[in-house]
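The block underneath contains the structure these notes are about, expressed in structure tokens.
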Amino acid sequence: MLLTRYGFREWFIITVIAAAIVAIAIYFDLFWIAFGTGAAWTAPASFFRDPLFRKPATGIPTDLVSPADGQVSAIVEVESHPATAGLPATIVRIYLSVLNVHINRSPCACTVEGLDHTPGKYLDVRIEESAAVNEHLLMRCKTANGVHFGVKQIAGKIARMIVNPQKRGNALARGERYGMIKFGSTTELIFPRANIQSIEVSKGERVTGGVTVILRARA
């Protein structure tokens with residue numbers, strides 16, 4: 001288990017503060033405070049965890065894997081979407097609690113076409129309206145055979161730090177890490193409806209980023 005590079009700054013600050021409290025507590029023989037601080041330190045360390053050795057559940061390139069760990073909160077059909085160049089699309093929405101791994105992963109091999117940041121509110125992501133009105137960042141992508149799709153990182157009531165260092169033209173491998181959302185959030189996979197062979201998950205199902213197959217695309 002590693003700590004993600006996207007959380008080094010926060011982890012370093014928390015570690016320095018925790019170490020100072022422990023040192024002071026030990027100096028004054030307040031060992032219960034030292035022990036409690038050490039235990040509390042594991043919470044942010046756990047949040048920024050980055051599991052090793054993950055690989056897609058299948059070796060089929062057209063099986064798109066989950067872009068995040070969490071629970072499928074909705075599967076929505078829309079008549080058009082910017083991620084699919086205005087074509088009808090299916091949106092698979094994944095809710096991430098503060099206990100989930102928050103690393104985002106690429107659903108398939110693709111090229112980044114652009115990133116669209118939209119300021120907004122910070123409603124609780126469990127409220128359906130949040131997906132439309134909260135601050136979010138849409139990463140538009142294109143597969144090797146020219147299919148336009150997107151992954152959308154949505155900030156929440158607590159999660160207000162969307163991290164995505166990708167740039168137009170970057171190539172991402174299937175399951176590759178591309179960013180994260182800090183402290184609870186929502187991630188969406190948006191794919192053109194005409195290019196979907198089957199949806200492989202259902203509402204309420206728990207998924208693992210980079211592993212669980214979300215949908216099968218037409219070859």
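Following the order of the structure tokens, first chain is A, next is B, and so on, with residues numbered from 1 inside each chain and ligands from 1 in the order they appear.
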Mind checking DSSP for segment 31-214 of chain A and telling me the alpha helix (DSSP H) residues as JSON, numbers by chain?
{"A": [31, 32, 33, 34, 35, 36, 37, 38, 39, 40, 41, 42, 43, 44, 45, 46, 47, 130, 131, 132, 133]}
How would the residues just chosen look if you wrote them out with N, CA and C atoms as a PDB file, in the first residue's frame?
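Saved result, out00.pdb, follows:
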```pdb
ATOM      1  N   PHE A  31       0.889  10.061  27.932  1.00  0.00           N
ATOM      2  CA  PHE A  31       1.005   9.011  26.920  1.00  0.00           C
ATOM      3  C   PHE A  31      -0.326   8.706  26.239  1.00  0.00           C
ATOM      4  N   TRP A  32      -1.426   8.955  26.925  1.00  0.00           N
ATOM      5  CA  TRP A  32      -2.727   8.693  26.302  1.00  0.00           C
ATOM      6  C   TRP A  32      -2.983   9.663  25.146  1.00  0.00           C
ATOM      7  N   ILE A  33      -2.479  10.899  25.290  1.00  0.00           N
ATOM      8  CA  ILE A  33      -2.604  11.865  24.197  1.00  0.00           C
ATOM      9  C   ILE A  33      -1.709  11.456  23.025  1.00  0.00           C
ATOM     10  N   ALA A  34      -0.500  10.996  23.361  1.00  0.00           N
ATOM     11  CA  ALA A  34       0.426  10.552  22.317  1.00  0.00           C
ATOM     12  C   ALA A  34      -0.165   9.384  21.539  1.00  0.00           C
ATOM     13  N   PHE A  35      -0.744   8.436  22.273  1.00  0.00           N
ATOM     14  CA  PHE A  35      -1.339   7.267  21.618  1.00  0.00           C
ATOM     15  C   PHE A  35      -2.540   7.672  20.767  1.00  0.00           C
ATOM     16  N   GLY A  36      -3.389   8.552  21.302  1.00  0.00           N
ATOM     17  CA  GLY A  36      -4.570   8.987  20.559  1.00  0.00           C
ATOM     18  C   GLY A  36      -4.207   9.750  19.303  1.00  0.00           C
ATOM     19  N   THR A  37      -3.174  10.582  19.398  1.00  0.00           N
ATOM     20  CA  THR A  37      -2.722  11.342  18.224  1.00  0.00           C
ATOM     21  C   THR A  37      -2.188  10.413  17.149  1.00  0.00           C
ATOM     22  N   GLY A  38      -1.413   9.406  17.580  1.00  0.00           N
ATOM     23  CA  GLY A  38      -0.887   8.436  16.614  1.00  0.00           C
ATOM     24  C   GLY A  38      -1.997   7.677  15.921  1.00  0.00           C
ATOM     25  N   ALA A  39      -3.018   7.316  16.681  1.00  0.00           N
ATOM     26  CA  ALA A  39      -4.153   6.602  16.094  1.00  0.00           C
ATOM     27  C   ALA A  39      -4.910   7.498  15.118  1.00  0.00           C
ATOM     28  N   ALA A  40      -5.082   8.782  15.508  1.00  0.00           N
ATOM     29  CA  ALA A  40      -5.806   9.719  14.644  1.00  0.00           C
ATOM     30  C   ALA A  40      -5.036   9.985  13.347  1.00  0.00           C
ATOM     31  N   TRP A  41      -3.716   9.911  13.395  1.00  0.00           N
ATOM     32  CA  TRP A  41      -2.877  10.161  12.222  1.00  0.00           C
ATOM     33  C   TRP A  41      -3.159   9.158  11.106  1.00  0.00           C
ATOM     34  N   THR A  42      -3.596   7.956  11.482  1.00  0.00           N
ATOM     35  CA  THR A  42      -3.829   6.921  10.468  1.00  0.00           C
ATOM     36  C   THR A  42      -5.019   7.247   9.570  1.00  0.00           C
ATOM     37  N   ALA A  43      -5.942   8.112  10.041  1.00  0.00           N
ATOM     38  CA  ALA A  43      -7.128   8.433   9.234  1.00  0.00           C
ATOM     39  C   ALA A  43      -6.761   9.143   7.938  1.00  0.00           C
ATOM     40  N   PRO A  44      -6.013  10.268   7.971  1.00  0.00           N
ATOM     41  CA  PRO A  44      -5.636  10.901   6.698  1.00  0.00           C
ATOM     42  C   PRO A  44      -4.696  10.037   5.873  1.00  0.00           C
ATOM     43  N   ALA A  45      -3.851   9.267   6.546  1.00  0.00           N
ATOM     44  CA  ALA A  45      -2.958   8.370   5.802  1.00  0.00           C
ATOM     45  C   ALA A  45      -3.782   7.350   5.033  1.00  0.00           C
ATOM     46  N   SER A  46      -4.858   6.878   5.665  1.00  0.00           N
ATOM     47  CA  SER A  46      -5.738   5.916   5.003  1.00  0.00           C
ATOM     48  C   SER A  46      -6.473   6.554   3.831  1.00  0.00           C
ATOM     49  N   PHE A  47      -6.878   7.816   3.988  1.00  0.00           N
ATOM     50  CA  PHE A  47      -7.605   8.500   2.921  1.00  0.00           C
ATOM     51  C   PHE A  47      -6.758   8.618   1.662  1.00  0.00           C
ATOM     52  N   SER A 130     -26.773  17.579  -6.888  1.00  0.00           N
ATOM     53  CA  SER A 130     -25.356  17.949  -6.794  1.00  0.00           C
ATOM     54  C   SER A 130     -24.583  17.639  -8.072  1.00  0.00           C
ATOM     55  N   ALA A 131     -24.952  16.570  -8.757  1.00  0.00           N
ATOM     56  CA  ALA A 131     -24.240  16.181  -9.982  1.00  0.00           C
ATOM     57  C   ALA A 131     -24.341  17.248 -11.063  1.00  0.00           C
ATOM     58  N   ALA A 132     -25.393  18.050 -11.004  1.00  0.00           N
ATOM     59  CA  ALA A 132     -25.599  19.073 -12.033  1.00  0.00           C
ATOM     60  C   ALA A 132     -25.084  20.445 -11.619  1.00  0.00           C
ATOM     61  N   VAL A 133     -25.110  20.748 -10.299  1.00  0.00           N
ATOM     62  CA  VAL A 133     -24.820  22.124  -9.871  1.00  0.00           C
ATOM     63  C   VAL A 133     -23.508  22.283  -9.110  1.00  0.00           C
TER      64      VAL A 133
END
```
Applying 12 Å and only C-alpha atoms, which residues near His81 of chain A remain after dropping the ones on its own chain fewer than 4 positions away? List them as a list of chain:residue names.
A:Val76, A:Glu77, A:Ala85, A:Gly86, A:Leu87, A:Pro88, A:Ala89, A:Thr90, A:Ile91, A:Leu138, A:Arg140, A:His148, A:Phe149, A:Gly150, A:Val151, A:Lys152, A:Leu189, A:Ile190, A:Phe191, A:Pro192, A:Arg193
Run DSSP on the backbone and give me the residues of segment 80-209 of chain A it puts in strand (DSSP E or B), as a PyMOL selection string.
chain A and resi 89-96+103-105+110-118+121+134+136-142+148-154+161-163+171-172+177-182+185-192+196-199+206-207
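For the residues A:Leu115, A:Met139, A:Met161, A:Ile154, ranking by smallest atom-to-atom distance to Arg93 of chain A using only C-alpha atoms places A:Ile154 first.
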Compare A:Asn164, A:Ser198, A:Asn170, A:Gln153 by their minimum atom-to-atom distance to Asn134 of chain A, counting only C-alpha atoms, and give me the closest one.
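The closest residue to Asn134 of chain A is A:Gln153.
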